[in-house]
$ cat input-v7.txt   # compact mmCIF, C-alpha atoms
# COMPACT_ATOMS: atom_id res chain seq x y z
CA MET A 26 -20.30 23.72 -55.20
CA ALA A 27 -18.75 21.55 -57.88
CA ASP A 28 -19.53 24.23 -60.46
CA LYS A 29 -17.76 26.91 -58.36
CA THR A 30 -14.58 24.91 -57.67
CA THR A 31 -14.31 23.26 -61.09
CA GLY A 32 -16.16 25.67 -63.37
CA GLY A 33 -14.10 26.90 -66.29
CA LEU A 34 -11.62 24.04 -66.14
CA LYS A 35 -10.87 22.47 -69.49
CA ALA A 36 -11.64 18.95 -68.21
CA VAL A 37 -15.02 20.15 -66.97
CA GLU A 38 -15.81 21.97 -70.20
CA GLU A 39 -14.96 18.91 -72.32
CA ALA A 40 -16.82 16.35 -70.19
CA ALA A 41 -19.39 16.56 -67.43
CA ILE A 42 -17.62 16.02 -64.09
CA GLY A 43 -20.11 13.33 -63.15
CA SER A 44 -19.20 11.34 -66.26
CA LEU A 45 -15.50 11.16 -65.29
CA PRO A 46 -14.45 7.79 -63.89
CA GLY A 47 -13.97 7.66 -60.11
CA ILE A 48 -10.69 6.73 -58.42
CA ALA A 49 -10.26 3.83 -56.03
CA ASP A 50 -7.54 5.38 -53.85
CA LEU A 51 -5.92 8.76 -53.40
CA TYR A 52 -2.14 8.39 -53.64
CA ASP A 53 0.51 10.99 -52.80
CA ASP A 54 1.22 11.55 -56.51
CA THR A 55 -2.44 11.66 -57.61
CA LEU A 56 -3.27 14.94 -59.39
CA LEU A 57 -6.59 16.63 -58.67
CA PRO A 58 -7.99 19.63 -60.60
CA VAL A 59 -8.78 22.67 -58.44
CA GLU A 60 -9.69 26.32 -58.93
CA GLN A 61 -7.92 28.87 -56.80
CA GLN A 62 -8.67 32.58 -57.11
CA GLY A 63 -10.20 32.06 -60.54
CA GLU A 64 -7.32 30.05 -61.97
CA ALA A 65 -7.24 26.35 -62.80
CA ARG A 66 -4.52 24.50 -60.93
CA HIS A 67 -3.75 20.99 -59.79
CA MET A 68 -3.23 19.58 -56.33
CA THR A 69 -1.53 16.33 -55.33
CA GLY A 70 -2.82 13.68 -52.97
CA ARG A 71 0.17 14.47 -50.74
CA GLN A 72 -1.04 18.09 -50.40
CA TRP A 73 -4.56 16.90 -49.48
CA LYS A 74 -3.05 14.54 -46.89
CA ARG A 75 -0.95 17.33 -45.35
CA TYR A 76 -3.99 19.65 -45.31
CA ALA A 77 -6.04 16.97 -43.53
CA GLN A 78 -3.25 16.24 -41.06
CA GLU A 79 -2.82 19.90 -40.16
CA GLY A 80 -6.55 20.22 -39.72
CA VAL A 81 -6.68 17.45 -37.11
CA THR A 82 -3.28 17.98 -35.44
CA ALA A 83 -4.73 19.99 -32.54
CA TYR A 84 -7.34 17.29 -31.94
CA VAL A 85 -4.79 14.48 -32.20
CA GLU A 86 -2.39 16.13 -29.75
CA SER A 87 -5.14 16.80 -27.20
CA ALA A 88 -6.38 13.22 -27.67
CA LYS A 89 -2.83 11.90 -27.08
CA THR A 90 -2.51 14.02 -23.93
CA ALA A 91 -5.89 12.84 -22.69
CA ALA A 92 -4.94 9.22 -23.45
CA ARG A 93 -1.64 9.58 -21.52
CA GLU A 94 -3.48 11.12 -18.56
CA ALA A 95 -6.12 8.41 -18.68
CA ALA A 96 -3.43 5.71 -18.78
CA GLY A 97 -1.72 7.30 -15.77
CA SER A 98 -5.01 7.52 -13.90
CA ALA A 99 -5.79 3.91 -14.75
CA ALA A 100 -2.38 2.80 -13.48
CA ASP A 101 -2.88 4.79 -10.25
CA ALA A 102 -6.35 3.34 -9.85
CA ALA A 103 -4.98 -0.18 -10.38
CA LYS A 104 -2.29 0.40 -7.72
CA ARG A 105 -4.87 1.76 -5.29
CA ALA A 106 -7.22 -1.10 -6.02
CA GLN A 107 -4.41 -3.57 -5.32
CA ALA A 108 -3.52 -1.75 -2.10
CA ALA A 109 -7.18 -1.83 -1.06
CA ALA A 110 -7.38 -5.55 -1.85
CA ASP A 111 -4.20 -6.17 0.16
CA SER A 112 -5.60 -4.16 3.08
CA ALA A 113 -8.86 -6.07 2.92
CA SER A 114 -6.97 -9.36 2.90
CA ASP A 115 -4.85 -8.25 5.89
CA ALA A 116 -7.98 -7.17 7.73
CA ALA A 117 -9.63 -10.52 7.03
CA ASP A 118 -6.52 -12.35 8.28
CA SER A 119 -6.49 -10.18 11.42
CA ALA A 120 -10.18 -10.88 12.00
CA ARG A 121 -9.61 -14.64 11.63
CA SER A 122 -6.66 -14.44 14.00
CA ALA A 123 -8.67 -12.40 16.51
CA ARG A 124 -11.44 -15.01 16.40
CA GLN A 125 -8.83 -17.71 17.05
CA TYR A 126 -7.43 -15.94 20.12
CA SER A 127 -10.77 -14.69 21.41
CA GLY A 128 -11.58 -16.59 24.57
CA LYS A 129 -8.12 -18.18 24.65
CA PRO A 130 -6.17 -16.11 27.22
CA PRO A 131 -2.78 -17.24 28.51
CA VAL A 132 -3.09 -19.89 31.23
CA ILE A 133 -0.83 -21.22 33.95
CA LYS A 134 -0.02 -24.94 33.77
CA GLU A 135 2.68 -26.77 35.66
CA GLY A 136 3.95 -23.44 37.07
CA ARG A 137 4.58 -21.91 33.60
CA TRP A 138 2.68 -19.66 31.21
CA TRP A 139 0.97 -21.37 28.26
CA THR A 140 -0.37 -19.37 25.31
CA TRP A 141 -2.76 -20.29 22.50
CA ASN A 142 -1.28 -21.04 19.07
CA ALA A 143 -3.90 -20.42 16.39
CA GLU A 144 -1.98 -22.41 13.76
CA THR A 145 -1.70 -25.60 15.82
CA GLN A 146 -5.03 -25.00 17.60
CA ARG A 147 -3.59 -25.76 21.01
CA TYR A 148 -1.90 -24.17 24.01
CA GLU A 149 1.91 -24.15 24.00
CA ASP A 150 4.37 -23.81 26.87
CA THR A 151 6.25 -20.49 26.77
CA GLY A 152 8.88 -21.73 29.23
CA GLN A 153 8.31 -18.63 31.38
CA ALA A 154 7.72 -19.27 35.06
CA ALA A 155 4.32 -18.13 36.26
CA ARG A 156 5.24 -16.23 39.39
CA GLY A 157 4.89 -12.72 40.62
CA ASN A 158 7.55 -10.50 42.10
CA LEU A 159 7.46 -10.04 45.86
CA MET A 160 7.04 -6.41 46.60
CA TYR A 161 7.82 -6.83 50.30
CA ALA A 162 10.29 -8.58 52.57
CA THR A 163 9.23 -11.37 54.89
CA PHE A 164 10.88 -12.21 58.22
CA PHE A 165 11.32 -15.39 60.16
CA VAL A 166 12.65 -15.83 63.70
CA GLU A 167 14.29 -19.18 64.42
CA PRO A 168 12.73 -20.21 67.76
CA GLN A 169 15.71 -22.30 68.95
CA THR A 170 18.35 -19.64 68.25
CA GLY A 171 16.35 -16.42 68.21
CA GLU A 172 18.01 -15.43 64.97
CA LEU A 173 16.07 -13.19 62.58
CA TYR A 174 15.99 -14.06 58.87
CA MET A 175 14.78 -11.84 56.06
CA PHE A 176 13.48 -13.32 52.77
CA THR A 177 13.01 -11.45 49.49
CA ASP A 178 12.67 -12.30 45.83
CA ASN A 179 15.81 -11.84 43.71
CA GLU A 180 14.06 -8.93 42.03
CA TYR A 181 13.03 -7.28 45.32
CA SER A 182 13.57 -3.52 45.12
CA GLY A 183 12.01 -2.38 48.40
CA PRO A 184 13.77 -0.77 51.38
CA ASP A 185 16.58 -2.41 53.31
CA PHE A 186 16.40 -3.33 57.01
CA ARG A 187 18.92 -3.40 59.80
CA LEU A 188 19.10 -4.38 63.47
CA VAL A 189 20.18 -1.64 65.82
CA ASP A 190 20.45 -2.56 69.55
CA GLY A 191 17.85 -5.30 69.11
CA SER A 192 15.42 -3.13 67.13
CA LEU A 193 14.57 -3.66 63.49
CA GLU A 194 14.88 -0.44 61.51
CA VAL A 195 13.83 0.37 57.94
CA VAL A 196 16.57 2.00 55.88
CA LEU A 197 14.88 4.70 53.80
CA SER A 198 17.98 6.20 52.23
CA ASP A 199 21.62 5.29 51.83
CA GLY A 200 22.72 8.12 54.15
CA ASN A 201 21.02 6.81 57.40

$ encode --input "input-v7.txt" --output "structure tokens"
Amino acid sequence: MADKTTGGLKAVEEAAIGSLPGIADLYDDTLLPVEQQGEARHMTGRQWKRYAQEGVTAYVESAKTAAREAAGSAADAAKRAQAAADSASDAADSARSARQYSGKPPVIKEGRWWTWNAETQRYEDTGQAARGNLMYATFFVEPQTGELYMFTDNEYSGPDFRLVDGSLEVVLSDGN
């Protein structure tokens, strides 16, 4: 191939190409002998560099695109990995908390509700009275006076009652 691209050049005719000294580096202003369409010409290092760059441009651009996509995918994967780690940590905390409260239902002490506190590892007073709402009215007749008394809880929402000619009636609606 050397004979085809350099054959007929004066430098080649005067000295064997293999006997020419080699160059250490190819600079932009380095001149290289070439043959193009049967004519001897020269080419600069800058032209060789441009030729090489153009030859790999398509590969470089696709490599850059692939690198950007890979970086984006890596960032997404890192975010998802962090989210998964956070979810796993939350799940572990929930499991620990569930173990703490398992078998520790609210209890009634001193007439109030007490609930388990996992942090202090003891029951704590909620301050809420432990009582139920009466869903019915109770009656009491005073034996000495014969007076009838009705007792209900403050939150009683049942029917009203009234005495009519000595009979106790249930009031089912406001209109009766």

$ closest_residue --input "input-v7.txt" --among "A:Asp111, A:Asp118, A:Glu194, A:Glu86" --to "Ala143 in chain A" --atoms "all atoms listed in the file"
A:Asp118

$ closest_residue --input "input-v7.txt" --among "A:Asp50, A:Glu79, A:Glu180, A:Glu172" --to "Arg156 in chain A" --atoms "only C-alpha atoms"
A:Glu180

$ atom_distance --input "input-v7.txt" --atom1 "CA of Arg137 in chain A" --atom2 "CA of Ser119 in chain A"
27.4 Å

$ axis_aligned_box --input "input-v7.txt" --around "range 105-119 of chain A" --padding-each-side "5 Å" --output "JSON"
{"center_x": -6.6, "center_y": -5.3, "center_z": 2.7, "size_x": 16.1, "size_y": 24.1, "size_z": 27.4}

$ residues_around --input "input-v7.txt" --residues "range 125-133 of chain A" --least-positions-apart "5" --cutoff "8 Å" --atoms "only C-alpha atoms" --output "list in words"
Trp138, Trp139, Thr140, Trp141, Ala143 and Ala155 of chain A

$ atom_distance --input "input-v7.txt" --atom1 "CA of Thr163 in chain A" --atom2 "CA of Phe186 in chain A"
11.0 Å

$ residues_around --input "input-v7.txt" --residues "Gly70 in chain A" --least-positions-apart "4" --cutoff "6 Å" --atoms "all atoms listed in the file" --output "list in words"
Leu51, Tyr52, Asp53, Asp54 and Thr55 of chain A

$ closest_residue --input "input-v7.txt" --among "A:Ala117, A:Tyr161, A:Leu173, A:Asn179" --to "Leu193 in chain A" --atoms "only C-alpha atoms"
A:Leu173

$ closest_residue --input "input-v7.txt" --among "A:Ala162, A:Gly47, A:Tyr174, A:Glu144" --to "Val195 in chain A" --atoms "only C-alpha atoms"
A:Ala162

$ atom_distance --input "input-v7.txt" --atom1 "CA of His67 in chain A" --atom2 "CA of Val81 in chain A"
23.1 Å

$ closest_residue --input "input-v7.txt" --among "A:Gly152, A:Pro46, A:Pro184, A:Pro168" --to "Val196 in chain A" --atoms "all atoms listed in the file"
A:Pro184

$ closest_residue --input "input-v7.txt" --among "A:Arg93, A:Leu57, A:Arg147, A:Gly171" --to "Gly191 in chain A" --atoms "only C-alpha atoms"
A:Gly171

$ residues_around --input "input-v7.txt" --residues "Gln72 in chain A" --least-positions-apart "3" --cutoff "10 Å" --atoms "all atoms listed in the file" --output "PyMOL selection string"
chain A and resi 53-56+68-69+75-78

$ build_atoms --input "input-v7.txt" --residues "range 43-56 of chain A" --atoms "N, CA and C atoms" --output "PDB file, keeping the file's coordinate frame"
ATOM      1  N   GLY A  43     -19.492  14.569 -63.610  1.00  0.00           N
ATOM      2  CA  GLY A  43     -20.110  13.330 -63.150  1.00  0.00           C
ATOM      3  C   GLY A  43     -19.828  12.155 -64.077  1.00  0.00           C
ATOM      4  N   SER A  44     -19.472  12.445 -65.338  1.00  0.00           N
ATOM      5  CA  SER A  44     -19.200  11.340 -66.260  1.00  0.00           C
ATOM      6  C   SER A  44     -17.750  10.867 -66.191  1.00  0.00           C
ATOM      7  N   LEU A  45     -16.904  11.604 -65.437  1.00  0.00           N
ATOM      8  CA  LEU A  45     -15.500  11.160 -65.290  1.00  0.00           C
ATOM      9  C   LEU A  45     -15.463   9.904 -64.431  1.00  0.00           C
ATOM     10  N   PRO A  46     -14.543   8.994 -64.728  1.00  0.00           N
ATOM     11  CA  PRO A  46     -14.450   7.790 -63.890  1.00  0.00           C
ATOM     12  C   PRO A  46     -13.928   8.140 -62.500  1.00  0.00           C
ATOM     13  N   GLY A  47     -14.418   7.446 -61.479  1.00  0.00           N
ATOM     14  CA  GLY A  47     -13.970   7.660 -60.110  1.00  0.00           C
ATOM     15  C   GLY A  47     -12.617   6.987 -59.867  1.00  0.00           C
ATOM     16  N   ILE A  48     -11.957   7.354 -58.769  1.00  0.00           N
ATOM     17  CA  ILE A  48     -10.690   6.730 -58.420  1.00  0.00           C
ATOM     18  C   ILE A  48     -10.896   5.835 -57.207  1.00  0.00           C
ATOM     19  N   ALA A  49     -10.132   4.763 -57.152  1.00  0.00           N
ATOM     20  CA  ALA A  49     -10.260   3.830 -56.030  1.00  0.00           C
ATOM     21  C   ALA A  49      -9.537   4.335 -54.793  1.00  0.00           C
ATOM     22  N   ASP A  50      -8.345   4.900 -54.980  1.00  0.00           N
ATOM     23  CA  ASP A  50      -7.540   5.380 -53.850  1.00  0.00           C
ATOM     24  C   ASP A  50      -6.919   6.714 -54.220  1.00  0.00           C
ATOM     25  N   LEU A  51      -6.594   7.491 -53.198  1.00  0.00           N
ATOM     26  CA  LEU A  51      -5.920   8.760 -53.400  1.00  0.00           C
ATOM     27  C   LEU A  51      -4.472   8.566 -52.975  1.00  0.00           C
ATOM     28  N   TYR A  52      -3.560   8.586 -53.914  1.00  0.00           N
ATOM     29  CA  TYR A  52      -2.140   8.390 -53.640  1.00  0.00           C
ATOM     30  C   TYR A  52      -1.456   9.738 -53.505  1.00  0.00           C
ATOM     31  N   ASP A  53      -0.232   9.736 -52.946  1.00  0.00           N
ATOM     32  CA  ASP A  53       0.510  10.990 -52.800  1.00  0.00           C
ATOM     33  C   ASP A  53       0.731  11.684 -54.138  1.00  0.00           C
ATOM     34  N   ASP A  54       0.941  10.929 -55.205  1.00  0.00           N
ATOM     35  CA  ASP A  54       1.220  11.550 -56.510  1.00  0.00           C
ATOM     36  C   ASP A  54      -0.020  11.702 -57.393  1.00  0.00           C
ATOM     37  N   THR A  55      -1.204  11.451 -56.850  1.00  0.00           N
ATOM     38  CA  THR A  55      -2.440  11.660 -57.610  1.00  0.00           C
ATOM     39  C   THR A  55      -2.631  13.148 -57.840  1.00  0.00           C
ATOM     40  N   LEU A  56      -3.012  13.533 -59.072  1.00  0.00           N
ATOM     41  CA  LEU A  56      -3.270  14.940 -59.390  1.00  0.00           C
ATOM     42  C   LEU A  56      -4.775  15.179 -59.390  1.00  0.00           C
TER      43      LEU A  56
END
